[in-house]
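Below: one structure, written as structure tokens.
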Amino acid sequence: MTTVYYSKSADYQDCRAAIEAVLLPQIEERGGVQGKSVMLKPNLLAWRRPDDIACVHPAVIVETAKIFKAAGASKVALLENPAVQTVPAILQAMGILDELKELGVYCETFKNYCRQETEEKVRFHDLEIAAEFKEYDFVCDICKVKTHAMMTLTLCVKNLFGLVNGSARLGWHLAVGRDFEQFADLLLDLYLRVKPDFNIADGVICMEGNGPGSGNPAERNFFAGSTDSLALDRSVAELLGVKDLLLIQNAGKRNLCTEYRNVGDIPEALPLVLPDPPGIMLSWGLTLPPGIREWMRKTMLSRPLLDPKKCIGCGMCERMCPPHSLKMKNGNPVFHLDTCIRCYCCQEHCPKGAIVSKKTFLMKSLEWIEKRLLRRHRD
Ligand code: SF4
Ligand code: SF4
């Protein structure tokens, strides 16, 4: 039985004790870190404004590093692969680079990528990922609890996508296309390959709505931790009222889910405002011929939609679009939905939150019919 530890924290001012409450039991479970090296992998999407909730809070990063140091770790490193900025640039902007250096924490962007065979070869034979994680005795995955247009929520398992290098990430979006089930399997392959030893979820201020880059803050005031990323994700998703997370469904089909129990100061379960999901009818197409399936995906999946009032014409969305399905025209992006694979990279990286995922009329209608049928069936 896996344990998921919870603690509460009103804010980030004095969060050390709350992080210790979810991390020290994990260190104990692993037999201690005395004399061992630890790699931290926090979620650092981009730091575009003070207290940008797209990233793990700086205080959480610093306190986690201090806890490992105090527990006797011989080396603590922070590695990540942000989409646009470098790791030192983000940490500098956060105002914690010097403090981390004084603590002796090595801070760098992943550089060495190599092909790694997947454990199960369910869909993919191998993945090209950052090799640095193998140089450390332990890996600590630190995620920000956020909504995500493509995967509904991004937690510890999704955070591992940062081990894939930037250009390959676009390539994976292209390869997987609109098949979010494949993307979920890709994330599970990553999880099985890396298997972080420690996991922390920063849920003090979560992101809801237009995540993972431009959603709204949602105070939930908790930290969660577990030695199993998947158990942590399942527990947190349930706590936040997210049922049927595609990642968890696929993990269930692959028999990867173990029993877990929540212990500690468990917060009240308060749902987050979720982005429009890709579509509950998505899997209905899986037994259909590929042509019809493709048509269903094209017509049903939520589409990227621009709010021209928020757009500043920076062109970041154009640069981040894997299949080049949007082009800047007269200072605004124009979407070509026939080739758009609904990866929402444009929405994720827009610095102004000017792109949202929008449910299609057909999807809304089918969901409405489905809900009514289900209600009638229950009655
Ligand atoms: S990234 Fe956002 S702000 Fe920049 S051009 Fe695209 S939509 Fe506009
Ligand atoms: S337009 Fe946006 S959602 Fe569509 S493929 Fe490009 S980045 Fe992905």
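How things are named: the first chain in the structure tokens is A, the next is B, and so on; residues count from 1 in each chain; ligands count from 1 in the order shown.
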Self-check item: All residues having an atom within 12 Å of ligand 2 (only C-alpha atoms and all ligand atoms) as a PyMOL selection string
Solution: chain A and resi 149-150+169-178+278+298+301-306+315-328+333-350+354-358
Practice problem: Could you tell me which of A:Ala218, A:Ile129, A:Val263, A:Val62 comes closest to Leu103 (chain A) if we count only C-alpha atoms? | Solution: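 Answer, going by the shortest atom-to-atom distance: A:Val62.
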Quiz item: Which residues come within 12 Å of Cys114 (chain A), counting only C-alpha atoms, excluding same-chain residues fewer than 3 positions away, as a PyMOL selection string?
Solution: chain A and resi 110-111+117+126-134+163-165+168
Practice problem: Pick out the closest residue to Leu239 (chain A) from this set: A:Cys257, A:Ile67, A:Ala269, A:Ile96. Count only C-alpha atoms. | Solution: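 For Leu239 (chain A), the nearest of the candidates is A:Ala269.
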